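Peer 1: This structure is in structure tokens; I'll ask about it shortly.
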There are 2 protein chains.
Amino acid sequence: MSTTRTSGSPTPRANARGERARLRLLDAALSAFATQGFHGTSTRDIAEAAAMSPAAVYVHYRTKEELLFQLSLHGHREIRRVVETALGRPEPPAARLRGLVADYTAWHARSHVQARVLQYEFAALLPEHAEQIAAIRGAIEAMFQGAITDGVDAGIFRIDDVKMTSLALLSLGIDVARWFRPGGARSPDEIGNYYGEIALRVCGHPGDL
Amino acid sequence: MSTTRTSGSPTPRANARGERARLRLLDAALSAFATQGFHGTSTRDIAEAAAMSPAAVYVHYRTKEELLFQLSLHGHREIRRVVETALGRPEPPAARLRGLVADYTAWHARSHVQARVLQYEFAALLPEHAEQIAAIRGAIEAMFQGAITDGVDAGIFRIDDVKMTSLALLSLGIDVARWFRPGGARSPDEIGNYYGEIALRVCGHPGDL
């Protein structure tokens, strides 16, 4: 007995093909946005880089902004996972904050191309998409503030303004994506570790530097 | 006796008119680059925003890149002046570093639109222009390193890596341009002062926080 499929339920093979096409498009969009900026990139540029026709792009992503949103969503979820993993380690507050800043910073060095698009093209998102991304950013910021507050409550951090301190530590990591280039004098992990020590100092902990 | 002028020496009035047109164009280019990115902006967009014809733009700036370069040059010279002024104060090393980071950070908050274009469109400059800007950036970085080294030599800063520490302090200031919005909870000077205290901590100085 043969199986009949409606057009609404593609075969597993068509599914896998569609998934590969979507990944190829996301990859092409990331390179194009990183090089020419979101506004300087056309859907045609992305289609060409992915070796597809513009019509084929629309099958998977209705607009160029949808591609940016999916890249942003994927990237911000990845960062949130890095932060959650760092905070999930059973360590005392100082070691946890140091590990958090080290991992967050190393991610921004390692994924510097992706990070630049996430950070610098945020303003190009549609309001409803920007809101979803802002919610993930808010969760990440809250986790940084929590890690700082833990140290304050434990009496080992001395700071005046948890929010400003958290912003400063996030800035340290994010700005690495702007200047980092592979093959430089320091690896992502070395930069991360140095910034982890800096984070302890910023929180008024003597650290081990 | 009447004065004869060749076409190579315009009248003072024509000079002033030309200067006003150039400033209007730089201003229009800055807004367009900040909103749509360098690659997403056409010379026509800039001409329209400055209420001029594209042909009139070419009289003053041969290319869109020339406009970006002039904006970058002007902005980086302004930052260098801020740094030189801060370091010119007759103060001991800790107060000087704190003032340097405070002024540098406050500038990036106050001039956040300009700063974002300077930082995020650097890659769009022609190689010979990028080289000139990189030289000014190098001078600024050297002044930060000098201010840190002064404190190390005076025995009041304890750090392992002057270059990395200087990069971190520059990052703190630069990244403020990414998130700062006027009308927020803190003024540019308040953010600058907080970051000045953070800088002392990063250098292993107890500070006054």
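Residue names in the structure tokens use chain letters A, B, ... in the order shown, residue numbers from 1 in each chain, and ligand numbers from 1 in the order shown.
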Chain B residues within 6 Å of chain A, counting only C-alpha atoms: which ones, as a list in words?
Peer 2: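 The contacting residues on chain B are Gln36, His39, Gly40, Ser171, Leu172, Asp175, Ile198, Arg201 and Val202 of chain B.
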Peer 1: Please identify the alpha helix (DSSP H) residues within segment 138-194 of chain B (assignment by DSSP from backbone atoms) and present them as an MDAnalysis selection string.
Peer 2: chainID B and resid 138:153 162:179 188:194
Peer 1: Within 7 Å of segment 93-103 of chain A, counting only C-alpha atoms, which residues show up once you throw out same-chain ones fewer than 6 positions away? Write them as a list in words, please.
Peer 2: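 My reading of the contact set: Val82, Val83, Ala86, Leu87, Ala147, Asp150, Gly151, Gly192, Asn193, Tyr195, Gly196, Glu197, Ala199 and Leu200 of chain A.
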Peer 1: Ser187 of chain B: which residues within 10 Å, counting only C-alpha atoms, same-chain residues fewer than 6 positions away excluded, as a list of chain:residue names?
Peer 2: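 Those residues are B:Ala106, B:Ala109, B:Arg110, B:Phe180, B:Arg181, B:Asn193.
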Peer 1: What would the file look like if the residues just selected were written as a short mmCIF file (atom, residue, chain, number, x, y, z; two decimals), in the first residue's frame with all heavy atoms?
Peer 2:
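Written output follows (out.cif):
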```cif
data_model
loop_
_atom_site.label_atom_id
_atom_site.label_comp_id
_atom_site.auth_asym_id
_atom_site.auth_seq_id
_atom_site.Cartn_x
_atom_site.Cartn_y
_atom_site.Cartn_z
N ALA B 106 32.72 59.62 29.29
CA ALA B 106 31.67 60.62 29.15
C ALA B 106 31.58 61.11 27.70
O ALA B 106 30.48 61.33 27.18
CB ALA B 106 31.94 61.80 30.09
N ALA B 109 29.57 58.64 25.76
CA ALA B 109 28.13 58.72 26.05
C ALA B 109 27.54 59.94 25.35
O ALA B 109 26.56 59.85 24.62
CB ALA B 109 27.90 58.80 27.56
N ARG B 110 28.20 61.09 25.53
CA ARG B 110 27.69 62.34 24.97
C ARG B 110 27.65 62.29 23.44
O ARG B 110 26.69 62.74 22.82
CB ARG B 110 28.60 63.49 25.45
CG ARG B 110 27.91 64.81 25.58
CD ARG B 110 28.80 65.81 26.30
NE ARG B 110 28.86 65.61 27.73
CZ ARG B 110 29.98 65.34 28.44
NH1 ARG B 110 31.14 65.26 27.82
NH2 ARG B 110 29.91 65.16 29.73
N PHE B 180 24.24 53.59 25.44
CA PHE B 180 23.77 54.85 26.02
C PHE B 180 22.63 55.47 25.19
O PHE B 180 22.71 55.51 23.97
CB PHE B 180 24.92 55.86 26.11
CG PHE B 180 24.48 57.18 26.71
CD1 PHE B 180 24.37 57.32 28.08
CD2 PHE B 180 24.13 58.25 25.89
CE1 PHE B 180 23.94 58.53 28.64
CE2 PHE B 180 23.71 59.45 26.44
CZ PHE B 180 23.62 59.59 27.82
N ARG B 181 21.60 55.92 25.89
CA ARG B 181 20.54 56.71 25.26
C ARG B 181 20.27 57.92 26.14
O ARG B 181 20.17 57.78 27.36
CB ARG B 181 19.25 55.91 25.08
CG ARG B 181 19.35 54.75 24.08
CD ARG B 181 19.62 55.20 22.65
NE ARG B 181 19.82 54.07 21.75
CZ ARG B 181 20.99 53.42 21.57
NH1 ARG B 181 22.06 53.78 22.25
NH2 ARG B 181 21.08 52.43 20.72
N ASN B 193 32.19 59.18 35.75
CA ASN B 193 32.78 59.15 37.09
C ASN B 193 32.79 57.74 37.68
O ASN B 193 33.77 57.32 38.30
CB ASN B 193 32.03 60.11 38.02
CG ASN B 193 32.31 61.57 37.66
OD1 ASN B 193 33.35 61.87 37.04
ND2 ASN B 193 31.40 62.46 37.99
#
```
Peer 1: Could you list, as a short mmCIF file (atom, residue, chain, number, x, y, z; two decimals) with N, CA, C and O atoms, in the first residue's frame, every residue within 10 Å of Arg24 of chain A, counting only C-alpha atoms and ignoring same-chain residues fewer than 5 positions away?
Peer 2:
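And here is the file that came out, out03.cif:
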```
data_model
loop_
_atom_site.label_atom_id
_atom_site.label_comp_id
_atom_site.auth_asym_id
_atom_site.auth_seq_id
_atom_site.Cartn_x
_atom_site.Cartn_y
_atom_site.Cartn_z
N GLY A 18 15.35 20.94 3.25
CA GLY A 18 14.92 22.28 3.66
C GLY A 18 15.79 22.81 4.79
O GLY A 18 16.21 23.97 4.77
N GLU A 19 16.12 21.96 5.75
CA GLU A 19 16.93 22.37 6.89
C GLU A 19 18.33 22.80 6.43
O GLU A 19 18.87 23.81 6.89
N ALA A 29 23.74 34.88 5.11
CA ALA A 29 23.25 36.17 5.63
C ALA A 29 24.22 36.72 6.68
O ALA A 29 24.53 37.92 6.69
N LEU A 30 24.73 35.84 7.54
CA LEU A 30 25.67 36.28 8.58
C LEU A 30 26.91 36.92 7.95
O LEU A 30 27.31 38.03 8.34
N ILE A 46 22.35 37.65 -0.61
CA ILE A 46 22.31 36.45 0.24
C ILE A 46 22.03 35.22 -0.62
O ILE A 46 22.67 34.18 -0.46
N ALA A 47 21.08 35.35 -1.55
CA ALA A 47 20.75 34.23 -2.43
C ALA A 47 21.99 33.82 -3.22
O ALA A 47 22.33 32.63 -3.29
N ALA A 49 25.19 34.29 -2.50
CA ALA A 49 26.20 33.68 -1.64
C ALA A 49 25.82 32.25 -1.27
O ALA A 49 26.69 31.41 -1.03
N ALA A 50 24.52 31.96 -1.21
CA ALA A 50 24.07 30.61 -0.86
C ALA A 50 23.84 29.77 -2.11
O ALA A 50 23.35 28.64 -2.00
N ALA A 51 24.16 30.33 -3.27
CA ALA A 51 23.97 29.64 -4.55
C ALA A 51 22.51 29.20 -4.73
O ALA A 51 22.21 28.06 -5.08
N MET A 52 21.61 30.14 -4.44
CA MET A 52 20.17 29.88 -4.62
C MET A 52 19.55 31.05 -5.36
O MET A 52 20.13 32.13 -5.44
#
```
Peer 1: So that I can see what lies close to Leu26 of chain A, please list as a PyMOL selection string the residues with an atom at most 10 Å from it, counting only C-alpha atoms and leaving out residues fewer than 2 positions away in the same chain.
Peer 2: chain A and resi 20-24+28-32+46+50+61+67-68+70-71
Peer 1: Return the single residue from B:His108, B:Ala16, B:Gly138, B:Leu126 that is closest to Lys64 of chain B, with distances computed using only C-alpha atoms.
Peer 2: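 Nearest to Lys64 of chain B: B:Leu126.
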Peer 1: Grab the atom CA of Glu91 of chain A to atom CA of Thr149 of chain A distance for me, in Å with one decimal place.
Peer 2: 14.8 Å
Peer 1: Using only C-alpha atoms, find the one residue out of A:His76, A:Arg89, A:Arg44, A:Arg81 that sits nearest to Val117 of chain A.
Peer 2: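 Using only C-alpha atoms, the shortest distance to Val117 of chain A belongs to A:His76.
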